[in-house]
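Visitor: For reference, the structure I am asking about is given below.
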Amino acid sequence: MIRDERGSMSAFLAMLFLVFLLLISVCAEGIYMYTAKGKAMAVYMSGLSHTKGNYQKEFADMYHIYAMDPRYKKKVETDFSDRMKESLDNAEDSFSFRTGNAKLSDEVDLTAQNGEVLKYQIRQQMKYEMGSDLLKTWTNNIRTSTDLQKKITDIKGQISKDEKEAQRQQENTINDQKDEKKDKEEIEPSAKKDPRKGFMKLLKEGSVSLVMGKKKVSDLPIDIVYGKEDTTKQKIWNFMNRKTMEKEMDKLNETSSADSFASELPAIFYAQKYFHCLTDTSKKEGTKYEIEYLIAGKDSEKENLGAVFWKMIALRFLTNAACVYQDPTKEKEAMLLAASVLGITGLPPVVAVAKNLLLLALAYGESVIDVRNLAEGKKVPIIKTSADWQLSFSGLATLNCRQKPVKQGMKYEDYLLLLLIMQKDKRQKYFRMMDLMEQNTKRKVPDFKLDQCISSYKITQNLKLKKLGFGGITLPFASYTDVKLSRFTTY
């Protein structure tokens, strides 16, 4: 039987055409979906940029730190979805979207992550403002400070050496009367008044009184919210007791640390640029000694200023002690004065210790005079010579002398930066910055809270995209596909 196969080729070609059409439709649908999602993502990113533009402007104007305005945060979800809907609906294209709700999540405020969020923004702000020459200059300053720190150990060794030498001489001459005439010349029967007593009496009045005299200083309170208050009290150095002085020098040796200072320089120079200090001549409402608070962490202006003065005196003591021990004239004066103070009963070992304590007292007194110069806006040499020295033993009890400011040296602001570098708890300066930032911004925005300012966040937008359909025909089921857009953004 012969089969009639007419038309079979036509059926095969029709089926092939349908398969081909299906492939084209699938490709067209894929291209359509990909293009539509790209369009939606472009609108989404535009909306995300819009949300970043709603930063807290008063705060940004003052400190160049950016975060979402808390007032805008309350409506950001509605505003974002409305902008998405408006942009997608008004687009002149073939895409059809249904806009769902937007959700704000994963919020990180400026006070989060132990200060790292604020630190990041500060580093971004300052990285273009710090030249390599600035880093080199401060590297040299830190190296000089570190080298002088080592002198403390040398001075302690010198005190022990002098005492042992005097002890040996005493043993050799215990019954020898050959130096009787010399003793009468150098040790008067009526002992001189010890200048250390008057000097220590002055120290008990406090560093603010020592440095500022009768000048008026601010005593405003500081509202400590984020930082840690420092409640330690400054102990007055006892220049009458060797063991006490050695303990104080050991403490100074421990606290004068500048490890990892390079990583902290952006924040330190940021503090200098955006915060006020004693010698700043510009007018400012509220807290006047802001950098001093970053260093000291006290709850009142006067206490912060006083604590910083003590720290500066200690820093200057490092250099001045090194200088005074390299001056043979001052060593001789100290020896004669020690013998005179102790009188005819002074034993050589005791006189040797007193000599060294007098030298240390003179170096400390000179440091007070240096800080007076710094507080007046004058410069002080990093390392002194005999020509730069201001205080004599005769003026130690009253701290009266002719001040000798110099043209080359470090200013008050430089020592503030040095103290910031040497902070043990380096995170505290960021928390204390937060306190000052919030306090100052509140003068313009009374309800401002730094922990409500969002630095980074994620917005998720839900959409429904109408499908292209098979062969250009929309099917009655699953005509829309879900599209979820989500990105994490930071200032």
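Residues are named by chain letter and number: chains run A, B, ... in the order of the structure tokens, numbers start at 1 in each chain, and ligands are numbered from 1 in the order shown.
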Name the residues in contact with Gly286 (chain A) at a cut-off of 9 Å, using only C-alpha atoms, excluding same-chain residues fewer than 3 positions from it; report them as JSON, numbers by chain.
Guide: {"A": [220, 439, 440, 443]}
Visitor: Can you list, as a PyMOL selection string, every protein, DNA or RNA residue that comes within 6 Å of region 376-391 of chain A when you count only C-alpha atoms, leaving out same-chain residues fewer than 5 positions away?
Guide: chain A and resi 319+366+401+403+405-406+409-411
Visitor: Taking only residues of region 20-127 of chain A that have an atom at most 12 Å from an atom of region 450-456 of chain A, what is each one's shortest atom pair and its distance in Å to one decimal, using only C-alpha atoms, in chain and number order, as JSON lines?
Guide:
{"residue": "A:Leu48", "atom": "CA", "partner": "A:Ser456", "partner_atom": "CA", "distance": 11.5}
{"residue": "A:Thr51", "atom": "CA", "partner": "A:Ser456", "partner_atom": "CA", "distance": 11.1}
{"residue": "A:Lys52", "atom": "CA", "partner": "A:Ser455", "partner_atom": "CA", "distance": 9.3}
{"residue": "A:Asn54", "atom": "CA", "partner": "A:Ile454", "partner_atom": "CA", "distance": 10.8}
{"residue": "A:Tyr55", "atom": "CA", "partner": "A:Cys453", "partner_atom": "CA", "distance": 8.6}
{"residue": "A:Gln56", "atom": "CA", "partner": "A:Cys453", "partner_atom": "CA", "distance": 7.7}
{"residue": "A:Lys57", "atom": "CA", "partner": "A:Cys453", "partner_atom": "CA", "distance": 11.4}
{"residue": "A:Phe59", "atom": "CA", "partner": "A:Leu450", "partner_atom": "CA", "distance": 9.4}
{"residue": "A:Ala60", "atom": "CA", "partner": "A:Cys453", "partner_atom": "CA", "distance": 11.2}
{"residue": "A:Ile65", "atom": "CA", "partner": "A:Ser455", "partner_atom": "CA", "distance": 9.3}
{"residue": "A:Tyr66", "atom": "CA", "partner": "A:Ser455", "partner_atom": "CA", "distance": 6.9}
{"residue": "A:Ala67", "atom": "CA", "partner": "A:Ser455", "partner_atom": "CA", "distance": 4.5}
{"residue": "A:Met68", "atom": "CA", "partner": "A:Ile454", "partner_atom": "CA", "distance": 5.0}
{"residue": "A:Asp69", "atom": "CA", "partner": "A:Cys453", "partner_atom": "CA", "distance": 6.0}
{"residue": "A:Pro70", "atom": "CA", "partner": "A:Cys453", "partner_atom": "CA", "distance": 5.7}
{"residue": "A:Arg71", "atom": "CA", "partner": "A:Cys453", "partner_atom": "CA", "distance": 9.4}
{"residue": "A:Tyr72", "atom": "CA", "partner": "A:Cys453", "partner_atom": "CA", "distance": 10.1}
{"residue": "A:Lys73", "atom": "CA", "partner": "A:Ile454", "partner_atom": "CA", "distance": 8.3}
{"residue": "A:Lys74", "atom": "CA", "partner": "A:Gln452", "partner_atom": "CA", "distance": 11.0}
{"residue": "A:Val76", "atom": "CA", "partner": "A:Ile454", "partner_atom": "CA", "distance": 11.8}
{"residue": "A:Leu104", "atom": "CA", "partner": "A:Ser456", "partner_atom": "CA", "distance": 10.6}
{"residue": "A:Ser105", "atom": "CA", "partner": "A:Ser456", "partner_atom": "CA", "distance": 9.6}
{"residue": "A:Asp106", "atom": "CA", "partner": "A:Ser456", "partner_atom": "CA", "distance": 7.9}
{"residue": "A:Glu107", "atom": "CA", "partner": "A:Ser456", "partner_atom": "CA", "distance": 5.9}
{"residue": "A:Val108", "atom": "CA", "partner": "A:Ser456", "partner_atom": "CA", "distance": 5.2}
{"residue": "A:Asp109", "atom": "CA", "partner": "A:Ile454", "partner_atom": "CA", "distance": 4.2}
{"residue": "A:Leu110", "atom": "CA", "partner": "A:Ser455", "partner_atom": "CA", "distance": 5.6}
{"residue": "A:Thr111", "atom": "CA", "partner": "A:Asp451", "partner_atom": "CA", "distance": 5.5}
{"residue": "A:Ala112", "atom": "CA", "partner": "A:Asp451", "partner_atom": "CA", "distance": 7.8}
{"residue": "A:Gln113", "atom": "CA", "partner": "A:Asp451", "partner_atom": "CA", "distance": 11.6}
{"residue": "A:Gly115", "atom": "CA", "partner": "A:Asp451", "partner_atom": "CA", "distance": 11.3}
{"residue": "A:Glu116", "atom": "CA", "partner": "A:Ser455", "partner_atom": "CA", "distance": 11.3}
{"residue": "A:Val117", "atom": "CA", "partner": "A:Ser455", "partner_atom": "CA", "distance": 7.6}
{"residue": "A:Leu118", "atom": "CA", "partner": "A:Ser455", "partner_atom": "CA", "distance": 8.8}
{"residue": "A:Lys119", "atom": "CA", "partner": "A:Ser455", "partner_atom": "CA", "distance": 11.8}
{"residue": "A:Tyr120", "atom": "CA", "partner": "A:Ser455", "partner_atom": "CA", "distance": 10.5}
{"residue": "A:Gln121", "atom": "CA", "partner": "A:Ser455", "partner_atom": "CA", "distance": 9.3}
Visitor: Could you write those residues out with C-alpha atoms, as an mmCIF file, in the first residue's frame?
Guide:
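Contents of result_19.cif, as written:
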data_model
loop_
_atom_site.group_PDB
_atom_site.id
_atom_site.type_symbol
_atom_site.label_atom_id
_atom_site.label_comp_id
_atom_site.auth_asym_id
_atom_site.auth_seq_id
_atom_site.Cartn_x
_atom_site.Cartn_y
_atom_site.Cartn_z
ATOM 1 C CA LEU A 48 19.847 55.926 47.291
ATOM 2 C CA THR A 51 18.755 59.667 50.697
ATOM 3 C CA LYS A 52 22.464 60.385 51.242
ATOM 4 C CA ASN A 54 19.588 64.356 53.328
ATOM 5 C CA TYR A 55 22.475 64.559 55.796
ATOM 6 C CA GLN A 56 22.489 66.591 58.999
ATOM 7 C CA LYS A 57 23.546 69.933 57.511
ATOM 8 C CA PHE A 59 26.524 69.159 61.927
ATOM 9 C CA ALA A 60 28.237 68.736 58.542
ATOM 10 C CA ILE A 65 31.251 64.694 59.090
ATOM 11 C CA TYR A 66 28.233 63.265 57.268
ATOM 12 C CA ALA A 67 25.317 61.207 58.519
ATOM 13 C CA MET A 68 21.601 60.962 57.778
ATOM 14 C CA ASP A 69 19.535 63.627 59.474
ATOM 15 C CA PRO A 70 17.421 61.941 62.204
ATOM 16 C CA ARG A 71 14.480 64.088 61.096
ATOM 17 C CA TYR A 72 14.673 62.564 57.612
ATOM 18 C CA LYS A 73 15.111 59.045 58.942
ATOM 19 C CA LYS A 74 11.485 59.029 60.092
ATOM 20 C CA VAL A 76 13.049 57.826 54.476
ATOM 21 C CA LEU A 104 15.515 50.625 56.086
ATOM 22 C CA SER A 105 17.800 48.176 57.916
ATOM 23 C CA ASP A 106 21.336 47.441 59.134
ATOM 24 C CA GLU A 107 21.706 50.992 60.478
ATOM 25 C CA VAL A 108 25.077 52.026 61.893
ATOM 26 C CA ASP A 109 25.245 55.333 63.736
ATOM 27 C CA LEU A 110 28.263 57.610 64.171
ATOM 28 C CA THR A 111 28.933 56.431 67.714
ATOM 29 C CA ALA A 112 29.034 52.714 66.847
ATOM 30 C CA GLN A 113 31.887 50.207 66.705
ATOM 31 C CA GLY A 115 34.556 54.958 67.603
ATOM 32 C CA GLU A 116 35.680 53.260 64.382
ATOM 33 C CA VAL A 117 32.840 54.800 62.340
ATOM 34 C CA LEU A 118 33.833 58.328 63.295
ATOM 35 C CA LYS A 119 37.509 57.468 62.900
ATOM 36 C CA TYR A 120 36.897 56.276 59.323
ATOM 37 C CA GLN A 121 35.202 59.526 58.305
#
Visitor: Just want the 7 Å neighbourhood of region 199-210 of chain A, counted on only C-alpha atoms, with same-chain residues fewer than 4 positions away dropped. Output as a list in words.
Guide: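 Surrounding residues, per the criterion: Pro195, Ile236, Gly306, Phe309, Trp310, Leu396, Ala397 and Thr398 of chain A.
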Visitor: Store the residues picked out above, limited to C-alpha atoms, as a compact mmCIF listing (two decimals), in the first residue's frame.
Guide:
# COMPACT_ATOMS: atom_id res chain seq x y z
CA PRO A 195 64.05 76.93 98.06
CA ILE A 236 52.38 67.16 93.84
CA GLY A 306 44.87 72.27 84.83
CA PHE A 309 49.22 72.10 82.23
CA TRP A 310 50.54 69.35 84.53
CA LEU A 396 62.98 78.81 92.52
CA ALA A 397 60.93 79.46 95.67
CA THR A 398 58.90 82.22 93.97
Visitor: How would you write, as number ranges by chain, the set of residues in region 246-468 of chain A that DSSP gives as alpha helix (DSSP H)?
Guide: A: 246-255, 261-274, 290-296, 301-324, 328-342, 348-375, 412-421, 428-441
Visitor: Quick one: write out the picked residues with C-alpha atoms as a short mmCIF file (atom, residue, chain, number, x, y, z; two decimals), in the first residue's frame?
Guide:
data_model
loop_
_atom_site.label_atom_id
_atom_site.label_comp_id
_atom_site.auth_asym_id
_atom_site.auth_seq_id
_atom_site.Cartn_x
_atom_site.Cartn_y
_atom_site.Cartn_z
CA GLU A 246 62.17 58.17 91.60
CA LYS A 247 58.63 56.77 91.62
CA GLU A 248 57.33 59.89 89.87
CA MET A 249 60.02 59.60 87.21
CA ASP A 250 59.17 55.92 86.70
CA LYS A 251 55.52 56.88 86.13
CA LEU A 252 56.60 59.56 83.68
CA ASN A 253 58.68 57.00 81.84
CA GLU A 254 55.67 54.69 81.55
CA THR A 255 53.13 57.30 80.40
CA PHE A 261 51.37 57.54 66.37
CA ALA A 262 51.27 57.62 62.54
CA SER A 263 47.86 55.91 62.45
CA GLU A 264 46.48 58.49 64.87
CA LEU A 265 47.81 61.59 63.11
CA PRO A 266 44.68 62.16 60.95
CA ALA A 267 42.47 62.39 64.05
CA ILE A 268 45.00 64.54 65.86
CA PHE A 269 45.28 67.09 63.07
CA TYR A 270 41.51 66.97 62.65
CA ALA A 271 41.21 67.92 66.32
CA GLN A 272 43.58 70.83 65.80
CA LYS A 273 41.55 72.08 62.83
CA TYR A 274 38.01 71.70 64.16
CA GLU A 290 38.05 71.56 73.70
CA ILE A 291 41.35 69.93 72.77
CA GLU A 292 42.27 70.06 76.45
CA TYR A 293 39.13 68.00 77.14
CA LEU A 294 40.12 65.46 74.48
CA ILE A 295 43.35 64.96 76.42
CA ALA A 296 42.22 65.21 80.04
CA GLU A 301 36.89 73.40 81.73
CA LYS A 302 39.21 74.52 84.51
CA GLU A 303 40.07 70.96 85.52
CA ASN A 304 40.88 70.05 81.91
CA LEU A 305 43.14 73.08 81.55
CA GLY A 306 44.87 72.27 84.83
CA ALA A 307 45.41 68.61 83.92
CA VAL A 308 46.89 69.59 80.54
CA PHE A 309 49.22 72.10 82.23
CA TRP A 310 50.54 69.35 84.53
CA LYS A 311 51.10 67.06 81.56
CA MET A 312 52.92 69.79 79.63
CA ILE A 313 55.09 70.56 82.65
CA ALA A 314 55.99 66.86 82.83
CA LEU A 315 56.88 66.83 79.13
CA ARG A 316 59.06 69.91 79.49
CA PHE A 317 60.65 68.36 82.59
CA LEU A 318 62.06 65.59 80.38
CA THR A 319 64.01 68.05 78.25
CA ASN A 320 64.93 70.44 81.05
CA ALA A 321 66.25 67.68 83.32
CA ALA A 322 68.46 66.48 80.48
CA CYS A 323 69.72 70.02 79.99
CA VAL A 324 70.41 70.81 83.64
CA PRO A 328 78.52 71.80 85.14
CA THR A 329 77.83 75.29 86.49
CA LYS A 330 74.36 74.37 87.70
CA GLU A 331 75.65 71.13 89.20
CA LYS A 332 78.23 73.09 91.18
CA GLU A 333 75.60 75.62 92.33
CA ALA A 334 73.33 72.77 93.38
CA MET A 335 76.10 71.14 95.39
CA LEU A 336 76.95 74.37 97.23
CA LEU A 337 73.28 75.08 97.88
CA ALA A 338 72.64 71.55 99.14
CA ALA A 339 75.55 71.84 101.55
CA SER A 340 74.31 75.24 102.71
CA VAL A 341 70.74 74.02 103.16
CA LEU A 342 71.77 71.00 105.21
CA PRO A 348 78.23 63.82 102.11
CA PRO A 349 75.78 61.15 100.88
CA VAL A 350 72.82 63.25 102.04
CA VAL A 351 74.30 66.35 100.41
CA ALA A 352 74.76 64.41 97.15
CA VAL A 353 71.10 63.34 97.14
CA ALA A 354 69.96 66.88 98.03
CA LYS A 355 72.06 68.22 95.16
CA ASN A 356 70.26 65.99 92.68
CA LEU A 357 66.84 66.79 94.13
CA LEU A 358 67.62 70.50 93.81
CA LEU A 359 68.60 70.01 90.17
CA LEU A 360 65.34 68.17 89.52
CA ALA A 361 63.36 70.90 91.29
CA LEU A 362 65.09 73.54 89.17
CA ALA A 363 64.25 71.59 85.99
CA TYR A 364 60.62 71.29 87.10
CA GLY A 365 60.44 74.98 87.97
CA GLU A 366 61.91 75.84 84.56
CA SER A 367 59.18 73.67 83.04
CA VAL A 368 56.50 75.76 84.77
CA ILE A 369 58.03 78.91 83.25
CA ASP A 370 58.05 77.19 79.85
CA VAL A 371 54.36 76.41 80.10
CA ARG A 372 53.69 80.03 81.03
CA ASN A 373 55.36 81.01 77.77
CA LEU A 374 53.34 78.44 75.86
CA ALA A 375 50.06 79.62 77.39
CA TYR A 412 51.21 75.39 72.86
CA GLU A 413 49.21 73.76 70.05
CA ASP A 414 52.16 71.52 69.20
CA TYR A 415 52.33 70.23 72.76
CA LEU A 416 48.59 69.56 72.70
CA LEU A 417 49.10 67.38 69.63
CA LEU A 418 52.00 65.64 71.31
CA LEU A 419 49.84 64.86 74.34
CA LEU A 420 47.10 63.50 72.08
CA ILE A 421 49.65 61.26 70.39
CA GLN A 428 38.95 58.02 74.16
CA LYS A 429 39.69 61.02 71.98
CA TYR A 430 37.03 59.84 69.52
CA PHE A 431 34.43 59.41 72.25
CA ARG A 432 35.29 62.83 73.65
CA MET A 433 35.02 64.32 70.17
CA MET A 434 31.48 62.90 70.11
CA ASP A 435 30.69 64.72 73.36
CA LEU A 436 31.91 68.05 71.98
CA MET A 437 30.26 67.56 68.59
CA GLU A 438 26.90 66.81 70.17
CA GLN A 439 27.20 69.62 72.70
CA ASN A 440 28.09 72.25 70.08
CA THR A 441 25.53 71.11 67.50
#
